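Before any comments, here is the structure.
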Amino acid sequence: MSAKKKEDVSTTNGEGPISYILPNGDRYEGDCCQSASGSLMRSGTGKHTSAGGVIYTGDWHEDKMHGRGTLQHPCGATYEGEFRDNMYHGTGTYTFPDGSVYRGHFHKNRLEGDGAFINTQGLVWTGEFQSKAALGLKMQPRCTGKFNEFPLGDK
C-alpha cells in the first residue's frame with residue numbers, strides 16, 4: 001500500500017481504519033496495520049473497490065483477501081465465501097452472470113470437492129467437482145426453489 005495516496009487517515013501508530021485512493025483509481029476503506037518495513041497494509045476488515053468496478057468486502061490479512069468475504073464483478077458474477085491468499089479457497093457460493101449458481105468447495109480458485117450446481121432452469125446437480133471436470137454428478141429431483149435445501153457432505 002506504499003504506492004497509495006493518502007486521502008484520510010485516522011490511525012494510531014500506523015494501525016486502525018483508513019481510507020485510501022490508489023494512483024490507478026482503486027479505493028480501500030477499512031482496517032490496516034503497519035508492516036515490519038513501516039508500510040501500511042490491509043489487515044482486518046475492509047472494502048476494496050477497483051477502478052474497473054470489482055468490489056471486495058471482507059477480511060484481509062497481510063494485504064491479501066484472506067478469511068470470509070464477498071467479491072462482486074461488474075459483469076454480475078459474485079463469490080461469497082472463504083478466501084486464502086487472494087483466492088477462492090474453502091467453502092463458498094459462486095453466482096454466474098447468467099444466474100446459475102455453484103455452492104461448494106474451492107481450492108486455489110478452482111471448484112474442488114463436494115458441491116452443487118443449479119442451472120438457470122432450476123435443475124440441481126450434486127457431486128464431486130475437480131477443477132474443470134465433474135464426473136459422476138447426480139441430478140436431484142426438482143426443488144422447491146430453496147437452493148440451501150441441498151446440504152453438502154463434510155470433507
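The chains in the C-alpha cells are called A, B, ... from first to last as shown; in each chain the residues are counted from 1, and the ligands are counted from 1 in the order shown.
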
From the DSSP assignment of the backbone, select every residue of range 13-114 of chain A that is strand (DSSP E), and format the answer as an MDAnalysis selection string.
chainID A and resid 16:21 27:34 40:49 55:61 64:72 78:84 87:95 101:107 110:114

Write the residues of the preceding selection, restricted to C-alpha atoms, as a PDB file, in the first residue's frame.
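again-v5.pdb, written as the output of this step:
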ATOM      1  CA  GLY A  16      -6.741   1.408  12.560  1.00  0.00           C
ATOM      2  CA  PRO A  17      -9.323   2.424   9.979  1.00  0.00           C
ATOM      3  CA  ILE A  18      -8.131   4.236   6.867  1.00  0.00           C
ATOM      4  CA  SER A  19      -9.399   5.485   3.537  1.00  0.00           C
ATOM      5  CA  TYR A  20      -7.001   5.438   0.567  1.00  0.00           C
ATOM      6  CA  ILE A  21      -7.228   6.111  -3.141  1.00  0.00           C
ATOM      7  CA  ARG A  27     -10.078   2.734  -3.315  1.00  0.00           C
ATOM      8  CA  TYR A  28      -9.671   0.990   0.040  1.00  0.00           C
ATOM      9  CA  GLU A  29     -11.636   1.753   3.180  1.00  0.00           C
ATOM     10  CA  GLY A  30     -11.061  -0.291   6.292  1.00  0.00           C
ATOM     11  CA  ASP A  31      -8.584  -1.589   8.819  1.00  0.00           C
ATOM     12  CA  CYS A  32      -4.848  -1.618   8.351  1.00  0.00           C
ATOM     13  CA  CYS A  33      -1.641  -2.355  10.177  1.00  0.00           C
ATOM     14  CA  GLN A  34       1.983  -1.435   9.739  1.00  0.00           C
ATOM     15  CA  LEU A  40       0.710   0.210   5.678  1.00  0.00           C
ATOM     16  CA  MET A  41      -1.089  -2.957   4.653  1.00  0.00           C
ATOM     17  CA  ARG A  42      -4.718  -4.014   4.632  1.00  0.00           C
ATOM     18  CA  SER A  43      -5.453  -6.146   7.679  1.00  0.00           C
ATOM     19  CA  GLY A  44      -8.740  -6.799   9.456  1.00  0.00           C
ATOM     20  CA  THR A  45     -11.990  -5.894   7.717  1.00  0.00           C
ATOM     21  CA  GLY A  46     -12.314  -3.577   4.752  1.00  0.00           C
ATOM     22  CA  LYS A  47     -13.720  -2.776   1.337  1.00  0.00           C
ATOM     23  CA  HIS A  48     -11.616  -2.503  -1.820  1.00  0.00           C
ATOM     24  CA  THR A  49     -13.224  -1.062  -4.947  1.00  0.00           C
ATOM     25  CA  ILE A  55     -15.676  -4.810  -5.209  1.00  0.00           C
ATOM     26  CA  TYR A  56     -14.312  -6.950  -2.383  1.00  0.00           C
ATOM     27  CA  THR A  57     -15.768  -6.588   1.088  1.00  0.00           C
ATOM     28  CA  GLY A  58     -14.426  -8.771   3.849  1.00  0.00           C
ATOM     29  CA  ASP A  59     -11.404  -9.952   5.769  1.00  0.00           C
ATOM     30  CA  TRP A  60      -7.802  -9.054   4.945  1.00  0.00           C
ATOM     31  CA  HIS A  61      -4.507 -10.483   6.183  1.00  0.00           C
ATOM     32  CA  LYS A  64      -4.443 -10.082   0.828  1.00  0.00           C
ATOM     33  CA  MET A  65      -8.085 -11.194   0.756  1.00  0.00           C
ATOM     34  CA  HIS A  66      -7.998 -13.834   3.477  1.00  0.00           C
ATOM     35  CA  GLY A  67     -10.929 -15.104   5.565  1.00  0.00           C
ATOM     36  CA  ARG A  68     -14.611 -14.532   4.752  1.00  0.00           C
ATOM     37  CA  GLY A  69     -15.709 -12.059   2.140  1.00  0.00           C
ATOM     38  CA  THR A  70     -17.709 -11.176  -0.946  1.00  0.00           C
ATOM     39  CA  LEU A  71     -16.230 -10.405  -4.363  1.00  0.00           C
ATOM     40  CA  GLN A  72     -18.550  -8.738  -6.898  1.00  0.00           C
ATOM     41  CA  THR A  78     -20.395 -12.832  -7.360  1.00  0.00           C
ATOM     42  CA  TYR A  79     -18.438 -15.044  -4.984  1.00  0.00           C
ATOM     43  CA  GLU A  80     -19.303 -15.183  -1.300  1.00  0.00           C
ATOM     44  CA  GLY A  81     -17.282 -17.384   0.993  1.00  0.00           C
ATOM     45  CA  GLU A  82     -13.784 -18.150   2.170  1.00  0.00           C
ATOM     46  CA  PHE A  83     -10.592 -16.691   0.724  1.00  0.00           C
ATOM     47  CA  ARG A  84      -6.935 -17.561   1.224  1.00  0.00           C
ATOM     48  CA  MET A  87      -8.029 -16.834  -3.965  1.00  0.00           C
ATOM     49  CA  TYR A  88     -11.365 -18.605  -3.505  1.00  0.00           C
ATOM     50  CA  HIS A  89     -10.359 -21.282  -1.020  1.00  0.00           C
ATOM     51  CA  GLY A  90     -12.705 -23.169   1.287  1.00  0.00           C
ATOM     52  CA  THR A  91     -16.487 -23.202   1.181  1.00  0.00           C
ATOM     53  CA  GLY A  92     -18.339 -20.645  -0.887  1.00  0.00           C
ATOM     54  CA  THR A  93     -21.061 -19.769  -3.342  1.00  0.00           C
ATOM     55  CA  TYR A  94     -20.304 -18.523  -6.867  1.00  0.00           C
ATOM     56  CA  THR A  95     -23.152 -16.931  -8.802  1.00  0.00           C
ATOM     57  CA  VAL A 101     -25.014 -20.976  -9.020  1.00  0.00           C
ATOM     58  CA  TYR A 102     -22.283 -23.260  -7.696  1.00  0.00           C
ATOM     59  CA  ARG A 103     -22.222 -23.875  -3.949  1.00  0.00           C
ATOM     60  CA  GLY A 104     -19.461 -25.975  -2.502  1.00  0.00           C
ATOM     61  CA  HIS A 105     -15.756 -26.277  -2.009  1.00  0.00           C
ATOM     62  CA  PHE A 106     -12.985 -24.325  -3.719  1.00  0.00           C
ATOM     63  CA  HIS A 107      -9.237 -24.899  -3.796  1.00  0.00           C
ATOM     64  CA  ARG A 110     -10.978 -23.921  -8.636  1.00  0.00           C
ATOM     65  CA  LEU A 111     -14.156 -25.892  -7.961  1.00  0.00           C
ATOM     66  CA  GLU A 112     -12.787 -28.765  -5.904  1.00  0.00           C
ATOM     67  CA  GLY A 113     -14.683 -31.303  -3.801  1.00  0.00           C
ATOM     68  CA  ASP A 114     -18.335 -31.735  -2.910  1.00  0.00           C
TER      69      ASP A 114
END

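Taking only C-alpha atoms, the non-local environment of Asn119 in chain A within 6 Å (same-chain residues fewer than 3 positions away omitted) comprises Ser100, Gly122 and Leu123 of chain A.
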
Selection near range 73-77 of chain A, 6 Å with only C-alpha atoms, sequence-local residues under 6 positions removed, as a PyMOL selection string:
chain A and resi 53-54+95-97

CA of Met139 in chain A to CA of Lys108 in chain A: how many Å, to one decimal?
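Between CA of Met139 in chain A and CA of Lys108 in chain A the gap works out to 26.2 Å.
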
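With CA of Thr126 in chain A on one side and CA of Lys138 in chain A on the other, the separation reads 5.4 Å.
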
With only C-alpha atoms as the counted atoms, please give the residues lying no more than 10 Å from Gly136 in chain A, apart from itself and same-chain residues fewer than 4 positions off, as a compact mmCIF listing (two decimals) with N, CA and C atoms, in the first residue's frame.
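Once written, result11.txt looks like this:
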# COMPACT_ATOMS: atom_id res chain seq x y z
N TRP A 125 -27.53 -30.22 -9.79
CA TRP A 125 -26.57 -31.30 -9.98
C TRP A 125 -25.64 -31.31 -8.77
N THR A 126 -25.49 -32.46 -8.12
CA THR A 126 -24.60 -32.56 -6.96
C THR A 126 -23.56 -33.63 -7.20
N GLY A 127 -22.44 -33.49 -6.52
CA GLY A 127 -21.40 -34.49 -6.63
C GLY A 127 -20.02 -33.92 -6.39
N GLU A 128 -19.04 -34.60 -6.92
CA GLU A 128 -17.63 -34.25 -6.75
C GLU A 128 -17.15 -33.43 -7.94
N PHE A 129 -16.67 -32.23 -7.67
CA PHE A 129 -16.12 -31.36 -8.70
C PHE A 129 -14.61 -31.40 -8.61
